[in-house]
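Next comes target_10.cif, with mmCIF, C-alpha atoms (C1' of nucleotides).
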data_work
#
loop_
_atom_site.label_atom_id
_atom_site.label_comp_id
_atom_site.auth_asym_id
_atom_site.auth_seq_id
_atom_site.Cartn_x
_atom_site.Cartn_y
_atom_site.Cartn_z
CA MET A 1 -67.06 -134.25 43.28
CA VAL A 2 -63.68 -132.68 43.68
CA VAL A 3 -60.88 -134.02 45.81
CA VAL A 4 -58.64 -131.05 46.37
CA LYS A 5 -60.95 -128.14 46.32
CA MET A 6 -59.92 -124.54 46.38
CA THR A 7 -62.32 -121.68 46.24
CA GLU A 8 -62.42 -119.66 43.06
CA GLY A 9 -61.43 -116.75 45.23
CA VAL A 10 -57.92 -118.16 45.56
CA GLU A 11 -57.47 -118.21 41.82
CA TRP A 12 -58.62 -114.60 41.60
CA ALA A 13 -56.42 -113.53 44.47
CA LEU A 14 -53.36 -115.11 42.88
CA HIS A 15 -53.98 -113.42 39.55
CA CYS A 16 -54.52 -110.09 41.27
CA CYS A 17 -51.33 -110.43 43.31
CA LEU A 18 -49.38 -111.05 40.14
CA ASP A 19 -51.10 -108.09 38.50
CA LEU A 20 -50.18 -105.88 41.44
CA ALA A 21 -46.59 -107.08 41.30
CA TRP A 22 -46.49 -105.95 37.68
CA ALA A 23 -48.21 -102.67 38.45
CA GLY A 24 -45.37 -101.80 40.79
CA ASP A 25 -45.98 -98.75 42.97
CA THR A 26 -49.01 -97.51 41.08
CA PRO A 27 -52.21 -98.22 43.01
CA VAL A 28 -54.82 -100.21 41.09
CA PRO A 29 -58.49 -99.84 42.07
CA ALA A 30 -60.37 -103.03 42.81
CA ALA A 31 -62.87 -102.15 40.09
CA ARG A 32 -60.12 -102.12 37.46
CA LEU A 33 -58.73 -105.46 38.61
CA ALA A 34 -62.22 -106.92 38.45
CA ALA A 35 -62.83 -105.55 34.96
CA HIS A 36 -59.48 -106.89 33.78
CA HIS A 37 -60.48 -110.41 34.70
CA GLY A 38 -64.20 -110.11 34.07
CA LEU A 39 -65.05 -110.70 37.70
CA PRO A 40 -67.83 -109.35 39.92
CA PRO A 41 -66.23 -106.31 41.62
CA ALA A 42 -68.18 -106.62 44.85
CA TYR A 43 -66.97 -110.14 45.43
CA LEU A 44 -63.38 -109.59 44.38
CA THR A 45 -63.34 -106.89 47.03
CA LYS A 46 -63.71 -109.58 49.66
CA GLN A 47 -60.60 -111.39 48.53
CA LEU A 48 -58.60 -108.18 48.36
CA GLN A 49 -59.63 -107.28 51.88
CA ALA A 50 -58.52 -110.70 53.06
CA LEU A 51 -55.17 -110.16 51.36
CA GLY A 52 -54.97 -106.81 53.11
CA ARG A 53 -55.63 -108.32 56.54
CA ALA A 54 -52.85 -110.82 55.84
CA GLY A 55 -50.40 -108.02 55.07
CA ILE A 56 -49.87 -109.13 51.48
CA VAL A 57 -51.60 -106.14 49.95
CA ARG A 58 -52.04 -102.54 51.02
CA SER A 59 -54.77 -100.10 50.06
CA THR A 60 -54.92 -96.35 49.70
CA PRO A 61 -58.32 -94.62 49.57
CA GLY A 62 -59.40 -91.66 47.52
CA PRO A 63 -58.84 -90.67 43.90
CA ARG A 64 -55.73 -92.27 42.38
CA GLY A 65 -56.01 -94.78 45.18
CA GLY A 66 -56.31 -98.54 45.00
CA TYR A 67 -54.32 -101.62 45.93
CA LEU A 68 -50.58 -102.16 46.05
CA LEU A 69 -48.53 -105.25 46.73
CA ASP A 70 -47.16 -104.62 50.20
CA ARG A 71 -44.20 -107.02 50.11
CA PRO A 72 -41.52 -107.87 47.57
CA PRO A 73 -42.83 -110.56 45.19
CA HIS A 74 -40.11 -113.02 46.16
CA THR A 75 -41.35 -112.97 49.77
CA VAL A 76 -44.96 -113.84 48.98
CA THR A 77 -45.50 -117.58 48.65
CA LEU A 78 -48.53 -119.16 47.04
CA MET A 79 -49.28 -120.69 50.42
CA ASP A 80 -49.44 -117.19 51.90
CA VAL A 81 -52.11 -116.23 49.42
CA VAL A 82 -54.06 -119.44 49.84
CA ALA A 83 -54.01 -119.12 53.62
CA ALA A 84 -55.06 -115.48 53.46
CA VAL A 85 -58.09 -116.15 51.29
CA ASP A 86 -59.23 -119.63 52.25
CA GLY A 87 -57.92 -119.82 55.78
CA ALA A 88 -55.28 -122.10 57.22
CA ASP A 89 -57.58 -124.56 58.92
CA PRO A 90 -56.58 -128.19 59.24
CA ALA A 91 -57.61 -129.94 56.08
CA PHE A 92 -58.79 -133.25 57.41
CA ARG A 93 -59.85 -133.89 60.94
CA CYS A 94 -60.84 -137.44 61.56
CA THR A 95 -63.58 -137.68 64.13
CA GLU A 96 -62.74 -141.12 65.45
CA ILE A 97 -61.60 -141.17 69.04
CA ARG A 98 -59.51 -144.15 69.93
CA ALA A 99 -61.38 -146.24 72.47
CA GLY A 100 -58.33 -147.95 73.96
CA GLY A 101 -57.41 -145.72 76.84
CA PRO A 102 -57.34 -142.29 78.42
CA HIS A 103 -55.04 -140.94 75.74
CA THR A 104 -56.69 -139.47 72.68
CA THR A 105 -54.47 -141.13 70.15
CA ARG A 106 -54.58 -139.73 66.68
CA CYS A 107 -56.34 -141.98 64.25
CA ALA A 108 -54.09 -143.59 61.64
CA ILE A 109 -56.24 -142.29 58.81
CA ASP A 110 -56.02 -138.79 60.17
CA THR A 111 -52.23 -139.01 60.32
CA ALA A 112 -51.98 -140.23 56.75
CA MET A 113 -54.20 -137.44 55.52
CA ALA A 114 -52.29 -134.84 57.48
CA ARG A 115 -49.09 -136.02 55.83
CA ALA A 116 -50.60 -135.61 52.38
CA ASP A 117 -51.90 -132.18 53.27
CA LEU A 118 -48.44 -131.19 54.48
CA ALA A 119 -46.91 -132.25 51.17
CA TRP A 120 -49.42 -130.03 49.40
CA ARG A 121 -48.68 -127.03 51.56
CA ARG A 122 -44.94 -127.53 51.29
CA GLU A 123 -45.22 -127.41 47.53
CA LEU A 124 -47.20 -124.18 47.63
CA ALA A 125 -44.87 -122.65 50.21
CA ALA A 126 -41.91 -123.33 47.94
CA ARG A 127 -43.12 -121.03 45.18
CA THR A 128 -43.40 -117.27 45.27
CA LEU A 129 -44.94 -114.58 43.12
CA ALA A 130 -41.45 -113.93 41.76
CA ASP A 131 -41.31 -117.52 40.51
CA LEU A 132 -44.66 -117.09 38.75
CA ASP A 133 -43.43 -113.87 37.21
CA ALA A 134 -40.36 -115.65 35.88
CA ASP A 135 -42.53 -118.42 34.44
CA VAL A 136 -44.74 -115.97 32.63
CA ARG A 137 -41.80 -113.99 31.21
CA ARG A 138 -40.27 -117.19 29.92
CA ALA A 139 -43.43 -117.98 27.99
CA ASP A 140 -44.29 -114.43 26.95
CA PRO A 141 -41.78 -111.67 27.83
CA ASP A 142 -44.24 -108.90 26.91
CA ALA A 143 -47.13 -110.04 29.06
CA PRO A 144 -46.16 -108.26 32.30
CA ALA A 145 -45.65 -104.89 30.58
CA ALA A 146 -48.89 -105.29 28.67
CA THR A 147 -50.82 -106.06 31.81
CA ARG A 148 -49.24 -103.16 33.61
CA ALA A 149 -50.26 -100.86 30.80
CA ARG A 150 -53.86 -102.03 30.94
CA LEU A 151 -54.07 -101.60 34.70
CA THR A 152 -52.35 -98.29 35.38
CA MET B 1 -63.37 -121.70 54.22
CA VAL B 2 -61.28 -124.79 53.85
CA VAL B 3 -58.27 -125.16 51.67
CA VAL B 4 -57.99 -128.85 51.10
CA LYS B 5 -61.46 -130.14 51.31
CA MET B 6 -62.44 -133.75 51.26
CA THR B 7 -65.96 -134.98 51.59
CA GLU B 8 -66.90 -136.69 54.81
CA GLY B 9 -67.70 -139.67 52.65
CA VAL B 10 -64.01 -140.27 52.08
CA GLU B 11 -63.36 -140.54 55.79
CA TRP B 12 -66.20 -142.99 56.17
CA ALA B 13 -65.07 -145.02 53.20
CA LEU B 14 -61.53 -145.28 54.56
CA HIS B 15 -62.72 -146.45 57.95
CA CYS B 16 -65.03 -148.98 56.35
CA CYS B 17 -62.28 -150.33 54.11
CA LEU B 18 -60.09 -150.87 57.13
CA ASP B 19 -62.98 -152.52 58.94
CA LEU B 20 -63.54 -154.85 56.02
CA ALA B 21 -59.86 -155.69 55.90
CA TRP B 22 -60.12 -156.74 59.53
CA ALA B 23 -63.36 -158.64 58.94
CA GLY B 24 -61.54 -160.84 56.45
CA ASP B 25 -63.79 -163.08 54.36
CA THR B 26 -66.89 -162.60 56.49
CA PRO B 27 -69.37 -160.31 54.72
CA VAL B 28 -70.43 -157.27 56.77
CA PRO B 29 -73.81 -155.67 56.02
CA ALA B 30 -73.81 -151.95 55.34
CA ALA B 31 -76.20 -151.43 58.23
CA ARG B 32 -73.70 -152.90 60.67
CA LEU B 33 -70.85 -150.78 59.36
CA ALA B 34 -73.06 -147.72 59.71
CA ALA B 35 -74.07 -148.62 63.25
CA HIS B 36 -70.44 -149.23 64.19
CA HIS B 37 -69.53 -145.67 63.24
CA GLY B 38 -72.80 -144.01 64.10
CA LEU B 39 -73.45 -143.04 60.50
CA PRO B 40 -76.68 -142.73 58.50
CA PRO B 41 -77.00 -146.15 56.81
CA ALA B 42 -78.71 -144.86 53.70
CA TYR B 43 -75.91 -142.47 52.92
CA LEU B 44 -73.05 -144.79 53.77
CA THR B 45 -74.59 -147.11 51.21
CA LYS B 46 -73.70 -144.61 48.53
CA GLN B 47 -70.03 -144.64 49.44
CA LEU B 48 -69.95 -148.43 49.56
CA GLN B 49 -71.53 -148.62 46.15
CA ALA B 50 -68.89 -146.25 44.81
CA LEU B 51 -66.20 -148.47 46.30
CA GLY B 52 -67.89 -151.41 44.63
CA ARG B 53 -67.88 -149.77 41.21
CA ALA B 54 -64.17 -149.08 41.69
CA GLY B 55 -63.49 -152.75 42.37
CA ILE B 56 -62.24 -152.12 45.89
CA VAL B 57 -65.16 -153.78 47.58
CA ARG B 58 -67.49 -156.61 46.63
CA SER B 59 -71.01 -157.27 47.81
CA THR B 60 -73.10 -160.37 48.27
CA PRO B 61 -76.87 -160.08 48.65
CA GLY B 62 -79.19 -162.04 50.82
CA PRO B 63 -79.01 -163.22 54.41
CA ARG B 64 -75.44 -163.56 55.67
CA GLY B 65 -74.54 -161.21 52.86
CA GLY B 66 -72.81 -157.86 52.97
CA TYR B 67 -69.57 -156.27 51.86
CA LEU B 68 -66.11 -157.75 51.50
CA LEU B 69 -62.81 -156.17 50.63
CA ASP B 70 -62.19 -157.38 47.09
CA ARG B 71 -58.43 -156.88 46.95
CA PRO B 72 -55.52 -157.59 49.30
CA PRO B 73 -55.08 -154.64 51.70
CA HIS B 74 -51.54 -153.94 50.50
CA THR B 75 -52.86 -153.30 46.99
CA VAL B 76 -55.43 -150.68 47.98
CA THR B 77 -53.91 -147.22 48.26
CA LEU B 78 -55.57 -144.31 50.01
CA MET B 79 -55.63 -142.58 46.65
CA ASP B 80 -57.68 -145.46 45.26
CA VAL B 81 -60.31 -144.92 47.93
CA VAL B 82 -60.32 -141.16 47.55
CA ALA B 83 -60.67 -141.41 43.78
CA ALA B 84 -63.46 -143.96 44.08
CA VAL B 85 -65.55 -141.83 46.41
CA ASP B 86 -64.75 -138.26 45.44
CA GLY B 87 -63.75 -138.73 41.84
CA ALA B 88 -60.40 -138.16 40.17
CA ASP B 89 -61.16 -134.86 38.54
CA PRO B 90 -58.44 -132.25 38.05
CA ALA B 91 -58.23 -130.27 41.24
CA PHE B 92 -57.54 -126.80 39.96
CA ARG B 93 -58.26 -125.59 36.50
CA CYS B 94 -57.29 -122.01 35.91
CA THR B 95 -59.64 -120.31 33.51
CA GLU B 96 -57.19 -117.78 32.10
CA ILE B 97 -56.43 -118.22 28.44
CA ARG B 98 -53.12 -116.80 27.39
CA ALA B 99 -53.71 -113.96 24.93
CA GLY B 100 -50.32 -114.16 23.23
CA GLY B 101 -50.90 -116.51 20.35
CA PRO B 102 -52.79 -119.40 18.82
CA HIS B 103 -51.45 -121.85 21.39
CA THR B 104 -53.43 -122.23 24.56
CA THR B 105 -50.52 -122.04 26.93
CA ARG B 106 -51.12 -123.25 30.42
CA CYS B 107 -51.27 -120.45 32.93
CA ALA B 108 -48.36 -120.31 35.37
CA ILE B 109 -50.71 -120.36 38.35
CA ASP B 110 -52.42 -123.42 37.01
CA THR B 111 -49.08 -125.19 36.63
CA ALA B 112 -48.03 -124.38 40.18
CA MET B 113 -51.31 -125.61 41.58
CA ALA B 114 -51.16 -128.78 39.53
CA ARG B 115 -47.73 -129.48 40.96
CA ALA B 116 -49.01 -129.14 44.52
CA ASP B 117 -51.97 -131.35 43.73
CA LEU B 118 -49.63 -133.98 42.33
CA ALA B 119 -47.56 -133.95 45.53
CA TRP B 120 -50.75 -134.54 47.51
CA ARG B 121 -51.85 -137.44 45.35
CA ARG B 122 -48.40 -138.98 45.38
CA GLU B 123 -48.46 -139.02 49.16
CA LEU B 124 -51.84 -140.72 49.22
CA ALA B 125 -50.84 -143.21 46.54
CA ALA B 126 -47.81 -144.20 48.61
CA ARG B 127 -49.87 -145.56 51.50
CA THR B 128 -52.08 -148.62 51.51
CA LEU B 129 -54.65 -150.15 53.81
CA ALA B 130 -51.93 -152.53 54.98
CA ASP B 131 -49.86 -149.55 56.14
CA LEU B 132 -52.81 -148.21 58.10
CA ASP B 133 -53.36 -151.61 59.63
CA ALA B 134 -49.72 -151.71 60.74
CA ASP B 135 -50.03 -148.21 62.26
CA VAL B 136 -53.08 -149.19 64.24
CA ARG B 137 -51.53 -152.44 65.51
CA ARG B 138 -48.47 -150.52 66.62
CA ALA B 139 -50.63 -148.21 68.76
CA ASP B 140 -53.14 -150.81 69.90
CA PRO B 141 -52.51 -154.44 68.93
CA ASP B 142 -55.96 -155.55 70.06
CA ALA B 143 -57.99 -153.04 68.08
CA PRO B 144 -58.28 -155.04 64.83
CA ALA B 145 -59.49 -158.18 66.57
CA ALA B 146 -61.93 -156.18 68.69
CA THR B 147 -63.35 -154.48 65.64
CA ARG B 148 -63.64 -157.76 63.82
CA ALA B 149 -65.52 -159.22 66.74
CA ARG B 150 -67.99 -156.38 66.78
CA LEU B 151 -68.65 -156.57 63.07
CA THR B 152 -68.94 -160.28 62.37
"C1'" DT C 1 -91.81 -168.85 49.88
"C1'" DA C 2 -90.09 -165.51 53.36
"C1'" DA C 3 -86.45 -162.85 55.12
"C1'" DA C 4 -82.22 -160.39 54.45
"C1'" DT C 5 -79.49 -157.66 51.71
"C1'" DC C 6 -77.84 -154.93 47.86
"C1'" DT C 7 -78.89 -151.63 43.59
"C1'" DG C 8 -80.03 -147.46 41.68
"C1'" DG C 9 -82.83 -143.60 41.03
"C1'" DA C 10 -85.56 -139.76 42.73
"C1'" DT C 11 -85.85 -136.35 45.95
"C1'" DA C 12 -85.28 -133.42 50.13
"C1'" DT C 13 -82.21 -130.90 53.37
"C1'" DT C 14 -78.24 -128.45 54.78
"C1'" DT C 15 -73.96 -126.13 54.27
"C1'" DG C 16 -70.74 -123.27 52.31
"C1'" DA C 17 -69.20 -120.67 48.32
"C1'" DT C 18 -70.61 -117.11 45.52
"C1'" DG C 19 -72.61 -112.73 44.65
"C1'" DT C 20 -75.02 -108.20 45.92
"C1'" DC C 21 -75.94 -104.12 48.45
"C1'" DC C 22 -75.39 -100.32 51.45
"C1'" DA C 23 -73.93 -96.95 55.13
"C1'" DG C 24 -69.69 -95.00 56.68
"C1'" DG C 25 -64.89 -93.26 56.52
"C1'" DA C 26 -60.59 -91.69 54.29
"C1'" DT C 27 -58.20 -89.25 50.69
"C1'" DT C 28 -57.46 -86.24 46.64
"C1'" DC C 29 -58.47 -82.45 43.79
"C1'" DG C 30 -60.71 -78.22 42.42
"C1'" DC D 1 -64.71 -76.33 51.95
"C1'" DG D 2 -67.15 -79.55 48.79
"C1'" DA D 3 -67.40 -83.14 45.48
"C1'" DA D 4 -65.66 -87.14 43.57
"C1'" DT D 5 -63.10 -91.41 44.22
"C1'" DC D 6 -62.09 -95.37 46.66
"C1'" DC D 7 -61.83 -98.62 50.56
"C1'" DT D 8 -64.17 -101.03 54.88
"C1'" DG D 9 -67.16 -104.00 56.93
"C1'" DG D 10 -71.39 -106.00 57.76
"C1'" DA D 11 -75.83 -107.80 56.37
"C1'" DC D 12 -78.19 -110.26 53.19
"C1'" DA D 13 -79.52 -113.12 48.86
"C1'" DT D 14 -78.49 -116.84 45.68
"C1'" DC D 15 -76.78 -121.09 44.07
"C1'" DA D 16 -74.24 -125.51 43.80
"C1'" DA D 17 -72.75 -129.42 46.02
"C1'" DA D 18 -72.51 -132.43 49.90
"C1'" DT D 19 -75.39 -134.73 52.90
"C1'" DA D 20 -79.38 -137.44 53.92
"C1'" DT D 21 -83.74 -140.03 53.08
"C1'" DC D 22 -86.85 -143.07 50.77
"C1'" DC D 23 -88.51 -146.60 47.86
"C1'" DA D 24 -89.40 -150.00 44.18
"C1'" DG D 25 -86.75 -153.75 42.28
"C1'" DA D 26 -83.30 -157.64 42.11
"C1'" DT D 27 -80.67 -161.34 44.23
"C1'" DT D 28 -79.50 -164.78 47.46
"C1'" DT D 29 -80.08 -167.78 51.71
"C1'" DA D 30 -82.68 -170.79 54.40
#

How does this structure look as structure tokens?
Amino acid sequence: MVVVKMTEGVEWALHCCLDLAWAGDTPVPAARLAAHHGLPPAYLTKQLQALGRAGIVRSTPGPRGGYLLDRPPHTVTLMDVVAAVDGADPAFRCTEIRAGGPHTTRCAIDTAMARADLAWRRELAARTLADLDADVRRADPDAPAATRARLT
Amino acid sequence: MVVVKMTEGVEWALHCCLDLAWAGDTPVPAARLAAHHGLPPAYLTKQLQALGRAGIVRSTPGPRGGYLLDRPPHTVTLMDVVAAVDGADPAFRCTEIRAGGPHTTRCAIDTAMARADLAWRRELAARTLADLDADVRRADPDAPAATRARLT
DNA sequence: TAAATCTGGATATTTGATGTCCAGGATTCG
DNA sequence: CGAATCCTGGACATCAAATATCCAGATTTA
């Protein structure tokens, strides 16, 4: 019974994006990202591919290949990542059709829910990977370098 | 693949609460509410019971019994209904434990998500059944009376 | 007492997220 | 060139939660 539900995949994707931001221009194989977080590699692959289709991440095949962040961290919002992995479908679509006339007026409940959903998206769109990076450095300045070392 | 997911039950519960507001002090049986919306009666019952446990709705058994809204419409927020039906659990709990020290610092991703969730809840907590009623009357002044007539 | 209605638990069904596997293609290195 | 590494994409299996059904009681009205 969860109100705002996000797939686990979003959490993984966000962590991986931050990891890739720290890894810089060194490709990181999906298997290493998965191992770093203790995740099933075959499933994490799905999220990475979704990020790739969204243009957030880029991949290079072959030895020494792997994934790279394909855009500067300050241009990738959390909403971008969420939309890439979980889709950008409307959150709440009320099925009631107003019976009053020929116009299909939007149900009042639907409107209220859409407004709440918009507030949620706006909040996520206002924060980027660069913001997360800054937050982490504030709490633990060594964490990014340590992660980079473990991944590359 | 839905980002903000709410159970269908929430939609039903909201519609029923509005219906009960319009029905005033005349009890409406669950079966009639279900028929009005074309919903499975046995399942709608569950949502109504949840609303009852939350003190939003009251029930009276026996013939001429049914459900009543138990609080003035302007005191029932959409968040109240959502919490009653879907629970008020934390929306996003990031599993990463910071490795830096003895403190279990909250992960930056978790914090960002919590902020977005809060914005969503705040929006829902800012609107009441009375607001919805006003919206509906603005679009179709006769709808409340018509619904009341069909239900009582 | 008989009919109407709610209560709450047990249980089945369905849907979507989660997880696995594999055949194929691209790239690097020896 | 050949082998190893790595990604791609689809098909499929599993599992948890929402959805849906049913029923044996309890309560109230008439």

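Near chain C, counting only C-alpha atoms (C1' of nucleotides) at 9 Å, the chain B residues are Met1, Pro29, Ala30, Gln49, Ser59, Thr60, Pro61, Gly62, Pro63, Arg64, Gly65 and Gly66 of chain B.
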
Would you write out, as an mmCIF file with C-alpha atoms (C1' of nucleotides), keeping the file's coordinate frame, every residue that the PyMOL selection byres ((chain D) within 7 of (chain A)) captures in this file?
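Printed below is part.cif as written:
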data_model
loop_
_atom_site.group_PDB
_atom_site.id
_atom_site.type_symbol
_atom_site.label_atom_id
_atom_site.label_comp_id
_atom_site.auth_asym_id
_atom_site.auth_seq_id
_atom_site.Cartn_x
_atom_site.Cartn_y
_atom_site.Cartn_z
ATOM 1 C "C1'" DT D 5 -63.100 -91.410 44.220
ATOM 2 C "C1'" DC D 6 -62.090 -95.370 46.660
ATOM 3 C "C1'" DC D 7 -61.830 -98.620 50.560
#

The PyMOL selection byres ((chain A and resi 48) around 10) - which residues does that actually catch in the file I just gave you? List them as a tab-separated table (two decimals) with C-alpha atoms, in the frame of the given file.
chain	number	residue	atom	x	y	z
A	9	GLY	CA	-61.43	-116.75	45.23
A	12	TRP	CA	-58.62	-114.60	41.60
A	13	ALA	CA	-56.42	-113.53	44.47
A	16	CYS	CA	-54.52	-110.09	41.27
A	17	CYS	CA	-51.33	-110.43	43.31
A	30	ALA	CA	-60.37	-103.03	42.81
A	43	TYR	CA	-66.97	-110.14	45.43
A	44	LEU	CA	-63.38	-109.59	44.38
A	45	THR	CA	-63.34	-106.89	47.03
A	46	LYS	CA	-63.71	-109.58	49.66
A	47	GLN	CA	-60.60	-111.39	48.53
A	49	GLN	CA	-59.63	-107.28	51.88
A	50	ALA	CA	-58.52	-110.70	53.06
A	51	LEU	CA	-55.17	-110.16	51.36
A	52	GLY	CA	-54.97	-106.81	53.11
A	53	ARG	CA	-55.63	-108.32	56.54
A	54	ALA	CA	-52.85	-110.82	55.84
A	56	ILE	CA	-49.87	-109.13	51.48
A	57	VAL	CA	-51.60	-106.14	49.95
A	58	ARG	CA	-52.04	-102.54	51.02
A	59	SER	CA	-54.77	-100.10	50.06
A	67	TYR	CA	-54.32	-101.62	45.93
A	84	ALA	CA	-55.06	-115.48	53.46
A	85	VAL	CA	-58.09	-116.15	51.29

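For the atom pair formed by CA of Cys107 (chain A) and C1' of DT19 (chain D), the distance is 23.3 Å, given to one decimal.
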
Using all atoms of region 119-132 of chain A that appear in the file, construct an axis-aligned enclosing box with 4 Å of padding on every side and provide its centre coordinates and edge lengths in Å, rounded to one decimal, as AutoDock Vina command-line options.
--center_x -45.4 --center_y -123.1 --center_z 45.2 --size_x 16.1 --size_y 26.3 --size_z 20.8

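Separating CA of Thr77 (chain B) from CA of Asp135 (chain B) is a distance of 14.6 Å.
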
What gap, in Å, lies between CA of Val76 (chain A) and CA of Leu129 (chain A)? 5.9 Å

Apply the PyMOL selection byres ((chain A and resi 123) around 9) to the displayed file and report the matching residues as a ChimeraX atom specification. /A:78-79,118-122,124-127 /B:112-113,115-117,119
